[in-house]
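Trainee: Got a structure for you, written out below as structure tokens; questions coming shortly.
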Amino acid sequence: MTLTLYGVEIWAAALLFARAGAMIMLLPGFGETVVPPRIRLAFALALAVAIAPSLAGRMPEPAATAWGMAFQVGTEVLVGVLLGGAARILISATATAGQIIGLEIGLAFAQTADPTMSQSGQLTAVFLSIMGIALIFATGLDHMFLQGVVGSYEVIAPGAPAPVGDAAQLALEATSNSFRVGFQIAMPVIAAGLVFRIGMGVLSRLIPQIQVFFVALPLQIMGGLAVVALGLSAGMLVWLDSLQRYATWLR
């Protein structure tokens with residue numbers, strides 16, 4: 001017998017909420033710690049109820065025992081964590097780039113409050129993380145990720161066993177892409193820093209009387225910020241493209 005509440009099948013909505021809730025808790029923009037968990041889960045529940053009528057026919061029948069039903073719900077939660085976690089790994093590229101940039105321009109020890117992590121963080125990493133969240137909502141990627149929650153049922157059918165092998169490959173690819181994109185964002189600063197250090201080394205050999213460290217640090221910070229300003233737009237476009245490719249794959 002199918003249980004319904006205001007025309008919504010309770011079992012289908014429960015399975016949908018299990019996966020959607022896990023994904024919403026981790027997806028970029030929606031899964032930030034600054035958003036209270038209750039708000040995220042309430043939004044996921046509303047999303048599950050909204051899409052339940054269209055996907056109810058694809059939901060598996062409930063198991064005969066309570067343990068079997070719990071296993072089905074747990075499998076959907078695991079699938080949601082795997083898919084949402086891959087997106088969370090991709091978004092960490094901004095933090096990687098910020099750490100590299102801060103080290104290159106001499107601001108590695110500058111700390112500030114990070115509203116996305118509810119703790120202090122490195123100055124440039126916090127700046128890039130906040131900019132990334134703003135760009136996600138400004139470019140409409142948040143809508144693509146919401147569509148990806150629904151499209152994930154095409155990638156992994158509801159009720160199917162969790163693909164452990166494919167999940168490991170997905171995590172590996174997401175991690176490698178995150179480091180690659182983070183390095184690409186910071187590449188202009190790395191190249192400029194290499195040239196700057198070579199120049200300072202030559203200057204210290206030509207004029208040993210100059211205290212290179214005291215001369216170089218202000219120039220390093222000022223020049224590094226200028227290079228960041230010039231190359232940041234291209235780097236963030238590369239980052240947005242990586243997120244868009246993943247959201248398109250989910251859809």
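Every chain in the structure tokens has a letter given in the order shown (A, B, ...), and although residue numbers restart at 1 in each chain, ligands are simply numbered from 1 in the order shown.
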Could you list, as an MDAnalysis selection string, every residue within 12 Å of A:Gly199, counting only C-alpha atoms and ignoring same-chain residues fewer than 6 positions away?

Mentor: chainID A and resid 192:193 205:206 212 216 219:220

Trainee: Go ahead and save the residues from that selection, with C-alpha atoms, as a PDB file, in the first residue's frame.

Mentor:
ATOM      1  CA  ALA A 192      56.055  36.885 -11.520  1.00  0.00           C
ATOM      2  CA  GLY A 193      57.481  35.804  -8.158  1.00  0.00           C
ATOM      3  CA  ARG A 205      75.209  40.102  -5.916  1.00  0.00           C
ATOM      4  CA  LEU A 206      75.798  43.346  -7.780  1.00  0.00           C
ATOM      5  CA  VAL A 212      67.526  43.154  -0.172  1.00  0.00           C
ATOM      6  CA  ALA A 216      62.065  43.527  -1.628  1.00  0.00           C
ATOM      7  CA  LEU A 219      57.787  45.650  -3.677  1.00  0.00           C
ATOM      8  CA  GLN A 220      56.860  41.969  -3.445  1.00  0.00           C
TER       9      GLN A 220
END

Trainee: Considering only C-alpha atoms, give me a table of residues in stretch 87-166 of chain A that are at most 12 Å from stretch 15-26 of chain A, with the closest atom pair and distance in Å for each, as CSV.

Mentor:
residue,atom,partner,partner_atom,distance
A:Ala87,CA,A:Leu26,CA,7.5
A:Arg88,CA,A:Leu26,CA,6.1
A:Ile89,CA,A:Leu26,CA,9.6
A:Leu90,CA,A:Leu26,CA,11.3
A:Ile91,CA,A:Leu26,CA,10.4
A:Ser92,CA,A:Leu26,CA,11.9
A:Asp142,CA,A:Ile24,CA,10.7
A:Phe145,CA,A:Ile24,CA,9.2
A:Leu146,CA,A:Ile24,CA,8.5
A:Gln147,CA,A:Ala20,CA,11.0
A:Gly148,CA,A:Met23,CA,9.7
A:Val149,CA,A:Ala20,CA,6.3
A:Val150,CA,A:Ala20,CA,8.3
A:Gly151,CA,A:Ala20,CA,11.0
A:Ser152,CA,A:Arg19,CA,9.2
A:Tyr153,CA,A:Arg19,CA,9.5
A:Ile156,CA,A:Arg19,CA,10.9
A:Ala157,CA,A:Arg19,CA,11.4
A:Pro158,CA,A:Leu15,CA,8.1
A:Gly159,CA,A:Leu15,CA,8.7
A:Ala160,CA,A:Leu15,CA,12.0
A:Ala162,CA,A:Arg19,CA,11.7

Trainee: Could those residues be written to a file, using C-alpha atoms, as a PDB file, in the first residue's frame?

Mentor:
ATOM      1  CA  ALA A  87      31.629  19.410  -5.911  1.00  0.00           C
ATOM      2  CA  ARG A  88      32.964  20.456  -2.496  1.00  0.00           C
ATOM      3  CA  ILE A  89      36.426  19.223  -3.490  1.00  0.00           C
ATOM      4  CA  LEU A  90      36.275  21.257  -6.705  1.00  0.00           C
ATOM      5  CA  ILE A  91      35.356  24.447  -4.877  1.00  0.00           C
ATOM      6  CA  SER A  92      38.404  24.081  -2.615  1.00  0.00           C
ATOM      7  CA  ASP A 142      23.425  27.569  -8.301  1.00  0.00           C
ATOM      8  CA  PHE A 145      23.521  22.521  -9.304  1.00  0.00           C
ATOM      9  CA  LEU A 146      19.857  22.335  -8.324  1.00  0.00           C
ATOM     10  CA  GLN A 147      19.125  20.805 -11.718  1.00  0.00           C
ATOM     11  CA  GLY A 148      22.055  18.499 -11.066  1.00  0.00           C
ATOM     12  CA  VAL A 149      20.322  17.199  -7.922  1.00  0.00           C
ATOM     13  CA  VAL A 150      17.434  16.036 -10.114  1.00  0.00           C
ATOM     14  CA  GLY A 151      19.751  14.896 -12.905  1.00  0.00           C
ATOM     15  CA  SER A 152      21.763  12.770 -10.477  1.00  0.00           C
ATOM     16  CA  TYR A 153      18.997  10.177 -10.729  1.00  0.00           C
ATOM     17  CA  ILE A 156      22.892   6.837 -10.541  1.00  0.00           C
ATOM     18  CA  ALA A 157      19.436   5.283 -10.581  1.00  0.00           C
ATOM     19  CA  PRO A 158      17.426   5.433  -7.345  1.00  0.00           C
ATOM     20  CA  GLY A 159      17.769   2.263  -5.349  1.00  0.00           C
ATOM     21  CA  ALA A 160      20.941   1.191  -7.173  1.00  0.00           C
ATOM     22  CA  ALA A 162      26.472   2.755  -4.265  1.00  0.00           C
TER      23      ALA A 162
END

Trainee: For atom CA of A:Ser242 and atom CA of A:Ser178, determine how far apart the two atoms are, in Å to one decimal place.

Mentor: 8.6 Å

Trainee: Return the single residue from A:Ala186, A:Met144, A:Ile133, A:Ala167 that is closest to A:Ala234, with distances computed using only C-alpha atoms.

Mentor: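 With only C-alpha atoms as the atom set, the closest residue is A:Ala186.
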
Trainee: So what do you get for atom CA of A:Gly31 versus atom CA of A:Ala70, distance-wise?

Mentor: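 That distance, rounded to one decimal, is 24.5 Å.
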
Trainee: As a PDB file with N, CA and C atoms, in the first residue's frame, please: every residue in stretch 9-242 of chain A that DSSP puts in strand (DSSP E or B).

Mentor:
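What ended up in states.pdb:
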ATOM      1  N   GLU A   9       3.782  11.008  -2.300  1.00  0.00           N
ATOM      2  CA  GLU A   9       4.105   9.698  -1.767  1.00  0.00           C
ATOM      3  C   GLU A   9       5.210   9.826  -0.719  1.00  0.00           C
ATOM      4  N   GLN A 111      46.020  36.684   8.703  1.00  0.00           N
ATOM      5  CA  GLN A 111      44.805  35.929   8.976  1.00  0.00           C
ATOM      6  C   GLN A 111      43.613  36.878   9.104  1.00  0.00           C
ATOM      7  N   THR A 112      42.446  36.378   8.721  1.00  0.00           N
ATOM      8  CA  THR A 112      41.205  37.131   8.880  1.00  0.00           C
ATOM      9  C   THR A 112      40.059  36.147   9.061  1.00  0.00           C
ATOM     10  N   ALA A 113      38.911  36.641   9.484  1.00  0.00           N
ATOM     11  CA  ALA A 113      37.751  35.776   9.695  1.00  0.00           C
ATOM     12  C   ALA A 113      37.229  35.271   8.364  1.00  0.00           C
ATOM     13  N   ASP A 114      36.959  33.977   8.302  1.00  0.00           N
ATOM     14  CA  ASP A 114      36.436  33.350   7.089  1.00  0.00           C
ATOM     15  C   ASP A 114      34.969  32.997   7.317  1.00  0.00           C
ATOM     16  N   GLN A 119      35.638  30.231  10.770  1.00  0.00           N
ATOM     17  CA  GLN A 119      36.908  30.246  11.488  1.00  0.00           C
ATOM     18  C   GLN A 119      37.841  31.202  10.755  1.00  0.00           C
ATOM     19  N   SER A 120      39.011  31.448  11.329  1.00  0.00           N
ATOM     20  CA  SER A 120      39.968  32.329  10.672  1.00  0.00           C
ATOM     21  C   SER A 120      40.670  31.590   9.547  1.00  0.00           C
ATOM     22  N   GLY A 121      41.106  32.349   8.558  1.00  0.00           N
ATOM     23  CA  GLY A 121      41.794  31.760   7.419  1.00  0.00           C
ATOM     24  C   GLY A 121      42.801  32.727   6.849  1.00  0.00           C
ATOM     25  N   GLN A 122      43.597  32.217   5.935  1.00  0.00           N
ATOM     26  CA  GLN A 122      44.617  33.044   5.275  1.00  0.00           C
ATOM     27  C   GLN A 122      43.935  34.113   4.433  1.00  0.00           C
TER      28      GLN A 122
END

Trainee: Choose the residue, out of A:Ala97, A:Val228, A:Met222, A:Ala247, that has the smallest atom-to-atom separation from A:Gly140; count only C-alpha atoms.

Mentor: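 Result for the nearest residue to A:Gly140: A:Ala247.
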
Trainee: As an exercise, work out the distance from atom CA of A:Val181 to atom CA of A:Phe196 in Å and give it to one decimal place.

Mentor: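 Between atom CA of A:Val181 and atom CA of A:Phe196 the gap is 23.4 Å.
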
Trainee: Using DSSP on the backbone, list every residue of stretch 53-217 of chain A that comes out as helix (DSSP H, G or I), and give them as a ChimeraX atom specification.

Mentor: /A:53-58,66-91,93-105,123-138,141-155,164-206,212-217

Trainee: Closest to A:Asp166 among A:Val79, A:Leu203, A:Leu103, A:Leu135, using only C-alpha atoms?

Mentor: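 Among A:Val79, A:Leu203, A:Leu103, A:Leu135, it is A:Val79 that comes nearest to A:Asp166.
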
Trainee: Give me the residues near A:Gln72 as a VMD selection string, where near means some atom within 9 Å (using only C-alpha atoms) and where sequence neighbours in that chain fewer than 3 positions away do not count.

Mentor: chain A and resid 15 60 62 to 63 67 to 69 75 to 77 159 to 161

Trainee: In terms of the shortest atom-to-atom distance over only C-alpha atoms, which of A:Gly201, A:Pro208, A:Gly223, A:Gly132 is closest to A:Leu237?

Mentor: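 Between A:Gly201, A:Pro208, A:Gly223, A:Gly132, the residue approaching A:Leu237 most closely is A:Gly132.
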